[in-house]
$ cat my_file.cif   # mmCIF, C-alpha atoms
data_coords
#
loop_
_atom_site.label_atom_id
_atom_site.label_comp_id
_atom_site.auth_asym_id
_atom_site.auth_seq_id
_atom_site.Cartn_x
_atom_site.Cartn_y
_atom_site.Cartn_z
CA MET A 1 -81.32 -47.53 -22.55
CA SER A 2 -77.56 -47.21 -22.51
CA VAL A 3 -75.73 -44.46 -20.83
CA VAL A 4 -72.48 -43.23 -22.28
CA VAL A 5 -70.08 -41.40 -19.95
CA HIS A 6 -67.93 -38.85 -21.77
CA SER A 7 -64.54 -38.00 -20.19
CA GLN A 8 -62.43 -34.91 -20.85
CA PRO A 9 -59.67 -36.37 -23.03
CA ASP A 10 -57.70 -33.14 -23.35
CA ASP A 11 -57.33 -32.66 -19.58
CA LEU A 12 -56.48 -36.34 -18.98
CA ASP A 13 -53.85 -36.30 -21.70
CA VAL A 14 -52.16 -33.26 -20.21
CA GLN A 15 -52.15 -34.72 -16.70
CA SER A 16 -50.73 -38.05 -17.84
CA THR A 17 -48.05 -36.30 -19.86
CA VAL A 18 -46.91 -34.24 -16.88
CA LEU A 19 -46.83 -37.34 -14.65
CA ASP A 20 -44.76 -39.19 -17.24
CA ILE A 21 -42.27 -36.35 -17.39
CA TYR A 22 -41.78 -36.24 -13.63
CA SER A 23 -41.61 -40.00 -13.26
CA ASN A 24 -38.90 -40.27 -15.89
CA ARG A 25 -36.87 -37.31 -14.67
CA SER A 26 -33.77 -38.14 -12.61
CA THR A 27 -33.20 -36.54 -9.23
CA PRO A 28 -31.78 -33.00 -9.66
CA LYS A 29 -28.09 -32.72 -8.80
CA GLY A 30 -26.37 -29.74 -7.25
CA VAL A 31 -23.92 -27.81 -9.34
CA PHE A 32 -20.45 -27.29 -7.86
CA LEU A 33 -18.54 -24.37 -9.34
CA PRO A 34 -15.26 -23.99 -7.41
CA GLU A 35 -14.31 -20.81 -9.25
CA LEU A 36 -17.56 -19.13 -8.19
CA LEU A 37 -17.26 -20.45 -4.65
CA GLU A 38 -13.70 -19.11 -4.33
CA GLN A 39 -14.86 -15.64 -5.41
CA ILE A 40 -17.54 -15.74 -2.72
CA PHE A 41 -15.00 -16.92 -0.14
CA GLU A 42 -12.70 -14.01 -0.96
CA HIS A 43 -15.43 -11.71 0.36
CA VAL A 44 -16.10 -13.99 3.33
CA ALA A 45 -12.41 -13.78 4.22
CA LEU A 46 -12.82 -10.07 4.91
CA GLU A 47 -15.21 -10.99 7.73
CA ASN A 48 -12.85 -13.62 9.14
CA SER A 49 -15.38 -16.41 8.59
CA LEU A 50 -13.44 -18.83 6.40
CA HIS A 51 -12.81 -21.33 9.16
CA ALA A 52 -16.53 -21.91 9.57
CA CYS A 53 -16.85 -22.45 5.82
CA MET A 54 -14.13 -25.09 5.95
CA LEU A 55 -16.30 -27.26 8.22
CA VAL A 56 -19.26 -27.51 5.82
CA CYS A 57 -18.02 -30.22 3.47
CA ARG A 58 -14.93 -31.45 1.65
CA ASP A 59 -15.48 -29.22 -1.40
CA TRP A 60 -15.98 -26.13 0.75
CA HIS A 61 -12.90 -27.03 2.78
CA THR A 62 -10.75 -27.26 -0.34
CA CYS A 63 -11.95 -23.94 -1.78
CA ALA A 64 -11.78 -22.07 1.54
CA ALA A 65 -8.30 -23.39 2.28
CA ARG A 66 -7.11 -22.29 -1.13
CA VAL A 67 -8.34 -18.74 -0.45
CA LEU A 68 -6.91 -18.81 3.07
CA TRP A 69 -3.47 -19.72 1.76
CA GLN A 70 -3.35 -17.00 -0.90
CA LYS A 71 -2.13 -14.39 1.57
CA VAL A 72 0.21 -15.30 4.43
CA VAL A 73 1.49 -12.57 6.76
CA PHE A 74 3.66 -12.94 9.84
CA GLU A 75 3.31 -9.72 11.82
CA ASP A 76 5.57 -8.52 14.61
CA THR A 77 2.49 -7.96 16.81
CA GLN A 78 2.12 -11.74 17.05
CA VAL A 79 3.92 -13.51 19.87
CA ASN A 80 6.98 -15.37 18.53
CA HIS A 81 6.01 -14.50 14.98
CA PHE A 82 9.34 -15.69 13.55
CA GLU A 83 8.91 -19.05 15.28
CA LYS A 84 5.50 -19.27 13.67
CA PHE A 85 7.10 -18.57 10.31
CA GLU A 86 9.59 -21.39 10.91
CA ASP A 87 6.64 -23.69 11.63
CA PHE A 88 5.06 -22.59 8.38
CA ALA A 89 8.30 -23.27 6.48
CA SER A 90 8.49 -26.73 8.02
CA VAL A 91 5.09 -27.63 6.59
CA PHE A 92 4.99 -25.60 3.38
CA ALA A 93 8.54 -26.42 2.30
CA SER A 94 9.34 -29.56 4.33
CA TRP A 95 12.13 -27.56 5.95
CA THR A 96 13.85 -29.07 8.97
CA PRO A 97 14.97 -26.47 11.52
CA PRO A 98 18.37 -26.75 13.20
CA LEU A 99 18.37 -28.65 16.48
CA HIS A 100 18.87 -25.48 18.53
CA THR A 101 15.67 -24.01 17.08
CA PHE A 102 13.64 -27.21 16.74
CA ARG A 103 10.04 -26.73 17.78
CA ARG A 104 6.77 -28.54 17.51
CA LEU A 105 5.46 -28.20 13.99
CA LEU A 106 2.04 -27.68 12.52
CA PRO A 107 0.22 -30.52 10.73
CA LEU A 108 -1.17 -28.95 7.62
CA CYS A 109 -4.26 -31.13 7.77
CA ASP A 110 -5.32 -29.37 10.99
CA MET A 111 -6.53 -26.18 9.37
CA GLY A 112 -8.31 -25.27 12.57
CA ALA A 113 -4.91 -24.31 13.95
CA PHE A 114 -4.87 -21.22 11.75
CA HIS A 115 -6.06 -17.97 13.23
CA LYS A 116 -6.44 -14.56 11.65
CA PHE A 117 -5.56 -11.22 13.08
CA GLN A 118 -5.83 -7.72 11.69
CA HIS A 119 -2.62 -6.02 10.58
CA ILE A 120 -2.37 -2.26 10.73
CA ASP A 121 0.95 -0.70 9.75
CA ASP A 122 1.55 2.59 11.52
CA GLU A 123 5.30 2.62 11.12
CA CYS A 124 5.84 3.30 7.43
CA THR A 125 6.28 6.78 6.05
CA ASN A 126 5.88 8.09 2.50
CA CYS A 127 3.90 5.00 1.56
CA ASP A 128 0.31 3.76 1.79
CA HIS A 129 -0.45 0.34 3.28
CA ASP A 130 -3.86 -1.30 3.35
CA ASP A 131 -5.04 -3.38 6.27
CA SER A 132 -4.26 -6.99 5.55
CA GLU A 133 -5.21 -10.33 6.98
CA VAL A 134 -2.60 -12.13 8.99
CA LEU A 135 -2.32 -15.90 8.88
CA ALA A 136 -0.84 -16.99 12.19
CA LEU A 137 0.18 -20.53 12.97
CA GLN A 138 -0.13 -22.61 16.10
CA ALA A 139 2.28 -25.47 16.60
CA PRO A 140 0.90 -28.91 17.44
CA LYS A 141 3.18 -31.88 16.84
CA LEU A 142 3.86 -32.73 13.21
CA ASP A 143 3.45 -36.22 11.83
CA GLN A 144 5.07 -36.11 8.39
CA ASP A 145 2.82 -38.94 7.18
CA ALA A 146 -0.24 -36.86 8.11
CA VAL A 147 0.64 -33.82 6.01
CA SER A 148 -2.36 -32.76 3.95
CA PRO A 149 -2.53 -34.22 0.43
CA ASN A 150 -3.56 -30.70 -0.64
CA ILE A 151 -0.10 -29.27 0.06
CA GLU A 152 0.71 -28.96 -3.65
CA SER A 153 -2.51 -27.01 -4.19
CA TYR A 154 -1.63 -24.68 -1.31
CA ARG A 155 1.85 -24.14 -2.70
CA ARG A 156 0.43 -23.21 -6.08
CA GLY A 157 -2.16 -20.96 -4.44
CA LEU A 158 0.22 -18.78 -2.41
CA ARG A 159 0.27 -15.28 -3.90
CA TYR A 160 1.25 -12.94 -1.05
CA LEU A 161 3.97 -13.48 1.55
CA SER A 162 4.94 -10.97 4.23
CA LEU A 163 7.39 -11.16 7.11
CA ARG A 164 7.91 -8.10 9.27
CA LYS A 165 10.50 -6.88 11.77
CA VAL A 166 12.60 -10.00 12.09
CA LYS A 167 15.89 -9.48 13.94
CA ASP A 168 16.90 -13.14 13.91
CA ASN A 169 20.03 -13.88 11.85
CA THR A 170 18.65 -17.31 10.85
CA ILE A 171 15.96 -15.78 8.63
CA ASN A 172 17.54 -16.74 5.31
CA GLU A 173 17.48 -20.54 5.59
CA PRO A 174 13.69 -21.05 6.07
CA LEU A 175 12.92 -18.27 3.57
CA THR A 176 15.08 -19.93 0.93
CA ALA A 177 13.29 -23.23 1.55
CA VAL A 178 9.90 -21.54 1.11
CA ALA A 179 11.10 -19.86 -2.09
CA ARG A 180 11.59 -23.24 -3.78
CA TYR A 181 7.84 -23.86 -3.67
CA ALA A 182 6.41 -20.33 -3.73
CA ARG A 183 6.71 -19.94 -7.50
CA GLN A 184 3.36 -18.24 -8.06
CA LEU A 185 3.93 -15.27 -5.75
CA THR A 186 2.81 -11.88 -7.03
CA HIS A 187 3.49 -9.92 -3.82
CA ILE A 188 6.46 -10.22 -1.47
CA ASP A 189 6.85 -7.90 1.50
CA MET A 190 9.87 -8.10 3.81
CA TYR A 191 9.81 -5.20 6.26
CA ILE A 192 12.81 -4.31 8.47
CA CYS A 193 14.35 -7.77 8.31
CA ASP A 194 17.90 -6.91 9.33
CA TYR A 195 19.62 -10.04 8.02
CA LEU A 196 17.71 -10.57 4.78
CA ALA A 197 20.35 -11.31 2.12
CA ASP A 198 20.51 -10.82 -1.63
CA THR A 199 20.82 -14.57 -2.21
CA THR A 200 17.53 -15.18 -0.39
CA VAL A 201 15.74 -12.44 -2.33
CA MET A 202 17.02 -13.85 -5.60
CA ALA A 203 15.51 -17.25 -4.81
CA PHE A 204 12.02 -15.67 -4.82
CA ILE A 205 12.31 -13.79 -8.10
CA THR A 206 9.98 -14.97 -10.86
CA PRO A 207 8.23 -13.19 -13.75
CA ASN A 208 4.95 -13.35 -11.78
CA LEU A 209 6.03 -10.72 -9.23
CA THR A 210 4.23 -7.38 -9.48
CA ASN A 211 4.65 -5.93 -5.97
CA ILE A 212 7.98 -6.05 -4.12
CA SER A 213 8.89 -4.39 -0.85
CA PHE A 214 12.17 -4.66 1.06
CA ALA A 215 11.71 -1.51 3.13
CA GLY A 216 14.28 -1.29 5.91
CA CYS A 217 16.21 -4.37 4.74
CA HIS A 218 19.57 -2.61 4.65
CA GLN A 219 21.60 -5.59 3.38
CA ILE A 220 19.80 -5.58 0.03
CA THR A 221 22.08 -4.33 -2.76
CA ASP A 222 22.10 -3.68 -6.50
CA ILE A 223 22.76 -7.40 -7.10
CA SER A 224 19.22 -8.55 -6.30
CA ILE A 225 17.51 -5.42 -7.65
CA SER A 226 19.28 -5.87 -10.99
CA LEU A 227 17.95 -9.43 -11.17
CA ILE A 228 14.45 -8.10 -10.46
CA ALA A 229 14.87 -5.73 -13.40
CA GLN A 230 15.87 -8.63 -15.65
CA SER A 231 13.14 -11.01 -14.48
CA CYS A 232 10.02 -9.02 -13.50
CA PRO A 233 8.59 -7.14 -16.49
CA LYS A 234 5.16 -6.87 -14.80
CA LEU A 235 6.53 -4.97 -11.80
CA VAL A 236 4.27 -2.11 -10.67
CA HIS A 237 5.35 -1.51 -7.04
CA LEU A 238 8.92 -1.39 -5.68
CA ASP A 239 9.61 -0.18 -2.14
CA LEU A 240 13.30 0.13 -1.22
CA ARG A 241 13.14 2.64 1.61
CA ALA A 242 16.24 2.65 3.79
CA CYS A 243 18.04 0.27 1.42
CA GLY A 244 21.14 2.45 1.38
CA ALA A 245 23.23 0.03 -0.69
CA VAL A 246 20.87 0.31 -3.67
CA SER A 247 22.12 2.83 -6.21
CA ASP A 248 21.55 4.41 -9.61
CA VAL A 249 22.95 1.26 -11.21
CA SER A 250 20.00 -1.01 -10.47
CA ILE A 251 17.32 1.72 -10.43
CA SER A 252 18.32 2.66 -13.98
CA GLN A 253 17.89 -0.99 -14.97
CA ILE A 254 14.45 -1.04 -13.34
CA ALA A 255 13.48 2.04 -15.37
CA GLN A 256 14.57 0.44 -18.63
CA ALA A 257 12.99 -2.98 -18.02
CA CYS A 258 9.79 -2.27 -16.04
CA PRO A 259 7.62 0.21 -17.97
CA ARG A 260 4.51 -0.62 -15.89
CA LEU A 261 6.12 0.65 -12.68
CA ARG A 262 3.73 3.01 -10.85
CA HIS A 263 5.13 3.12 -7.31
CA LEU A 264 8.83 3.56 -6.46
CA ASN A 265 10.27 4.52 -3.09
CA VAL A 266 14.04 4.83 -2.69
CA GLY A 267 13.92 7.27 0.22
CA ARG A 268 16.74 7.04 2.74
CA ILE A 269 18.49 8.74 5.63
CA ARG A 270 21.99 7.59 4.71
CA GLU A 271 23.77 7.08 1.40
CA GLY A 272 21.64 9.66 -0.40
CA ARG A 273 24.46 10.21 -2.88
CA ARG A 274 23.72 6.80 -4.44
CA ILE A 275 20.42 7.98 -5.98
CA THR A 276 20.77 10.91 -8.35
CA PHE A 277 19.45 12.55 -11.49
CA ALA A 278 20.95 9.71 -13.57
CA SER A 279 18.38 7.10 -12.53
CA ILE A 280 15.39 9.31 -11.65
CA LYS A 281 15.48 10.86 -15.12
CA LEU A 282 15.04 7.39 -16.61
CA ILE A 283 12.28 6.53 -14.13
CA ALA A 284 10.44 9.71 -15.16
CA GLU A 285 10.81 9.14 -18.88
CA LEU A 286 10.42 5.36 -19.21
CA THR A 287 7.86 4.27 -16.59
CA ASN A 288 4.30 5.09 -15.53
CA VAL A 289 5.40 6.15 -12.06
CA ALA A 290 2.66 7.97 -10.14
CA VAL A 291 3.98 7.60 -6.58
CA LEU A 292 7.62 8.49 -6.05
CA GLY A 293 9.53 8.57 -2.77
CA LEU A 294 12.90 10.35 -3.05
CA ALA A 295 13.46 11.50 0.52
CA GLY A 296 17.13 12.06 1.32
CA CYS A 297 18.37 11.46 -2.23
CA ASP A 298 20.96 13.62 -3.97
CA LEU A 299 18.56 15.54 -6.22
CA THR A 300 18.80 18.90 -7.94
CA ASP A 301 16.27 21.25 -9.52
CA GLN A 302 17.14 19.74 -12.90
CA CYS A 303 15.88 16.34 -11.74
CA ILE A 304 12.53 17.72 -10.51
CA GLU A 305 12.14 19.74 -13.71
CA VAL A 306 12.59 16.62 -15.88
CA LEU A 307 10.25 14.67 -13.60
CA ALA A 308 7.54 17.34 -13.75
CA HIS A 309 7.77 17.61 -17.55
CA ALA A 310 7.85 13.85 -18.17
CA ARG A 311 5.14 12.75 -15.75
CA GLY A 312 3.01 15.89 -15.58
CA SER A 313 -0.53 15.06 -14.54
CA GLY A 314 0.45 11.40 -14.13
CA LEU A 315 2.32 12.23 -10.91
CA GLU A 316 0.07 11.83 -7.86
CA ARG A 317 2.40 11.63 -4.83
CA LEU A 318 5.92 12.98 -4.45
CA SER A 319 8.26 13.01 -1.45
CA VAL A 320 11.48 15.04 -1.49
CA ASN A 321 11.96 15.38 2.27
CA ASN A 322 15.55 16.26 3.20
CA CYS A 323 16.61 16.92 -0.40
CA HIS A 324 18.63 19.96 0.61
CA LYS A 325 19.68 21.11 -2.87
CA LEU A 326 16.17 21.82 -4.14
CA THR A 327 15.12 25.46 -4.56
CA ASN A 328 12.06 27.47 -5.57
CA ARG A 329 12.65 26.45 -9.17
CA SER A 330 11.56 22.93 -8.27
CA ILE A 331 8.32 23.88 -6.59
CA ARG A 332 7.35 26.15 -9.47
CA LYS A 333 7.81 23.29 -11.93
CA VAL A 334 5.69 21.00 -9.76
CA LEU A 335 3.00 23.69 -9.49
CA GLU A 336 2.98 24.28 -13.22
CA HIS A 337 2.98 20.72 -14.57
CA CYS A 338 1.64 18.34 -11.90
CA GLN A 339 -2.04 19.22 -11.92
CA ARG A 340 -3.22 15.97 -10.32
CA LEU A 341 -0.72 15.95 -7.46
CA SER A 342 -2.44 14.98 -4.19
CA VAL A 343 0.53 14.64 -1.80
CA PHE A 344 3.76 16.66 -1.77
CA GLU A 345 6.30 16.19 1.03
CA MET A 346 9.17 18.69 1.23
CA LYS A 347 10.16 18.69 4.88
CA GLU A 348 13.61 20.17 5.64
CA CYS A 349 14.04 21.60 2.12
CA HIS A 350 15.13 24.98 3.46
CA LEU A 351 16.14 26.50 0.12
CA ILE A 352 12.47 26.46 -0.85
CA ASP A 353 10.71 29.56 0.48
CA ASP A 354 8.23 30.36 -2.29
CA TRP A 355 5.27 30.50 0.07
CA GLU A 356 3.00 31.83 -2.65
CA ALA A 357 3.50 28.64 -4.67
CA ILE A 358 3.00 26.51 -1.57
CA THR A 359 -0.19 28.39 -0.72
CA GLU A 360 -1.51 27.74 -4.21
CA LEU A 361 -0.80 24.01 -3.83
CA VAL A 362 -2.65 24.02 -0.51
CA GLN A 363 -5.62 25.71 -2.18
CA ARG A 364 -5.63 22.87 -4.72
CA GLN A 365 -6.23 20.47 -1.79
CA VAL A 366 -2.69 19.07 -2.00
CA LEU A 367 -1.63 17.45 1.29
CA MET A 368 1.82 18.72 2.25
CA THR A 369 4.50 17.85 4.79
CA LEU A 370 6.57 20.75 6.14
CA CYS A 371 8.81 20.94 9.16
CA ASP A 372 7.86 23.32 11.99
CA GLN A 373 10.23 26.02 10.76
CA GLN A 374 8.77 25.90 7.25
CA ASN A 375 5.21 25.87 8.53
CA ARG A 376 5.77 28.94 10.71
CA ALA A 377 7.38 30.83 7.83
CA CYS A 378 4.47 29.94 5.54
CA VAL A 379 1.85 31.11 8.04
CA LYS A 380 3.79 34.32 8.66
CA TRP A 381 3.96 35.08 4.92
CA ALA A 382 0.23 34.39 4.50
CA LYS A 383 -0.63 36.83 7.30
CA SER A 384 1.55 39.50 5.74
CA GLN A 385 -0.47 39.08 2.55
CA GLY A 386 -3.79 39.15 4.36
CA LYS A 387 -4.35 35.49 3.58
CA SER A 388 -5.05 32.40 5.63
CA VAL A 389 -3.35 29.09 4.90
CA LYS A 390 -3.62 25.80 6.72
CA VAL A 391 -1.16 23.17 5.58
CA ARG A 392 -2.54 19.66 6.03
CA ALA A 393 -0.18 16.70 6.14
CA PRO A 394 -1.10 13.28 4.67
CA ILE A 395 -2.26 10.62 7.11
CA LYS A 396 0.41 7.95 7.63
#

$ encode --input "my_file.cif" --output "structure tokens"
Amino acid sequence: MSVVVHSQPDDLDVQSTVLDIYSNRSTPKGVFLPELLEQIFEHVALENSLHACMLVCRDWHTCAARVLWQKVVFEDTQVNHFEKFEDFASVFASWTPPLHTFRRLLPLCDMGAFHKFQHIDDECTNCDHDDSEVLALQAPKLDQDAVSPNIESYRRGLRYLSLRKVKDNTINEPLTAVARYARQLTHIDMYICDYLADTTVMAFITPNLTNISFAGCHQITDISISLIAQSCPKLVHLDLRACGAVSDVSISQIAQACPRLRHLNVGRIREGRRITFASIKLIAELTNVAVLGLAGCDLTDQCIEVLAHARGSGLERLSVNNCHKLTNRSIRKVLEHCQRLSVFEMKECHLIDDWEAITELVQRQVLMTLCDQQNRACVKWAKSQGKSVKVRAPIK
């Protein structure tokens, strides 16, 4: 008697098929997407953790370094911050400092020599500044043969350069050297650099620039600002506070050539006569300006009237501190047309005493800056009317 053993052919076929698939499949490979990794690292940079990421592997090092080099700030709170900038220029631009300022230089390949600090600007007025990362440089000895092969990538990656409160008269030479390679900059911020010259500024100007600040750089003139007007059609932010040599000539050119402009500050203590109705009228009519700093300029009610009509609800912040010719006519126009105004600064404008209009602005939650004399007069008027008013100034 024969015995026949019946197997389960369907189950065996399935199992063998699965085994064949796995045996023939190659080992899975990781996917490297540098663009995605860089976006992740941009968030990691906020937590000051990029240096740890750079130690993981070569690919991570390259991506993290590229993010790290996008924004370079030399802050006056750092010890010898201008010397650190000279070290940076020596590596970034192969600049050789004069013998009397020669120092040890930073090998770019030693990325561990970079440290980050937090920058908080509490000096500026009539302008908002976000906290920004500061890339500080140590200075071990430089071997030119050991410079990182990634230097070209870092040069292309630099987008934001800031140098603050430099009193050294040698500032222009290393800056000019850096400018030759920093051709992809979108933001440049030079703050109270006493010897910054027009020729140096002009070396940085490219069509990529969108945000430019030379606040407190009093040697800047219409020459460089006119070139900015000709070359930077994407400009949205221009800060020229305390640049007393800048006049209607170049600001009119900015108005005509930079329609995307949203932030302009030409406030000043001296040389107010250089900024008048002639240029501000064009700024109001031809740009998208929403933040406008006009402190100390030679303005009249006619200028504010045109500004209020042209910008209307598009105007968000306005400073006319120390514009002594303005009267109640100006504040009424602002009250009537600028419905989205959030900040209005009119300190030392003593011809304005329409406290009813000011009270209405305060009730709209507009932050206002008044001098002590104005504030007392406003409170006194409110009491006489049986009202209560508390003027709140914007946080600087």

$ resolve_selection --input "my_file.cif" --expression "the PyMOL selection byres ((chain A and resi 288) around 7)" --output "number ranges by chain"
A: 259-262, 287, 289-290

$ resolve_selection --input "my_file.cif" --expression "the PyMOL selection byres ((chain A and resi 158) around 8)" --output "list in words"
Trp69, Gln70, Lys71, Val72, Tyr154, Arg155, Arg156, Gly157, Arg159, Tyr160, Leu161, Ala182, Gln184 and Leu185 of chain A

$ write_last_selection --input "my_file.cif" --atoms "C-alpha atoms" --output "compact mmCIF listing (two decimals), keeping the file's coordinate frame"
# COMPACT_ATOMS: atom_id res chain seq x y z
CA TRP A 69 -3.47 -19.72 1.76
CA GLN A 70 -3.35 -17.00 -0.90
CA LYS A 71 -2.13 -14.39 1.57
CA VAL A 72 0.21 -15.30 4.43
CA TYR A 154 -1.63 -24.68 -1.31
CA ARG A 155 1.85 -24.14 -2.70
CA ARG A 156 0.43 -23.21 -6.08
CA GLY A 157 -2.16 -20.96 -4.44
CA ARG A 159 0.27 -15.28 -3.90
CA TYR A 160 1.25 -12.94 -1.05
CA LEU A 161 3.97 -13.48 1.55
CA ALA A 182 6.41 -20.33 -3.73
CA GLN A 184 3.36 -18.24 -8.06
CA LEU A 185 3.93 -15.27 -5.75

$ atom_distance --input "my_file.cif" --atom1 "CA of Arg268 in chain A" --atom2 "CA of Cys323 in chain A"
10.4 Å

$ atom_distance --input "my_file.cif" --atom1 "CA of Leu240 in chain A" --atom2 "CA of Glu285 in chain A"
20.0 Å

$ closest_atom_pairs --input "my_file.cif" --of "range 206-226 of chain A" --to "range 189-199 of chain A" --cutoff "8 Å" --atoms "only C-alpha atoms" --output "tab-separated table"
residue	atom	partner	partner_atom	distance
A:Ile212	CA	A:Asp189	CA	6.0
A:Ser213	CA	A:Asp189	CA	4.7
A:Phe214	CA	A:Met190	CA	5.0
A:Ala215	CA	A:Tyr191	CA	5.2
A:Gly216	CA	A:Ile192	CA	4.2
A:Cys217	CA	A:Ile192	CA	5.0
A:His218	CA	A:Asp194	CA	6.6
A:Gln219	CA	A:Ala197	CA	6.0
A:Ile220	CA	A:Asp198	CA	5.5
A:Thr221	CA	A:Asp198	CA	6.8
A:Ile223	CA	A:Asp198	CA	6.8
A:Ser224	CA	A:Asp198	CA	5.4

$ resolve_selection --input "my_file.cif" --expression "the PyMOL selection byres ((chain A and resi 246) around 6)" --output "PyMOL selection string"
chain A and resi 221-222+243-245+247

$ residues_around --input "my_file.cif" --residues "Cys371 in chain A" --least-positions-apart "5" --cutoff "9 Å" --atoms "all atoms listed in the file" --output "JSON, numbers by chain"
{"A": [346, 347, 348, 349, 376]}

$ atom_distance --input "my_file.cif" --atom1 "CA of Pro233 in chain A" --atom2 "CA of Cys297 in chain A"
25.4 Å

$ closest_residue --input "my_file.cif" --among "A:Leu299, A:Ile151, A:Cys232, A:Ile188" --to "Val73 in chain A" --atoms "only C-alpha atoms"
A:Ile188

$ closest_residue --input "my_file.cif" --among "A:Val79, A:Ile358, A:Val56, A:Val291" --to "Arg340 in chain A" --atoms "all atoms listed in the file"
A:Val291

$ residues_near_point --input "my_file.cif" --point "(0.0, 21.1, -4.1)" --cutoff "7 Å" --atoms "only C-alpha atoms" --output "ChimeraX atom specification"
/A:335,341-344,358,360-362,364-367
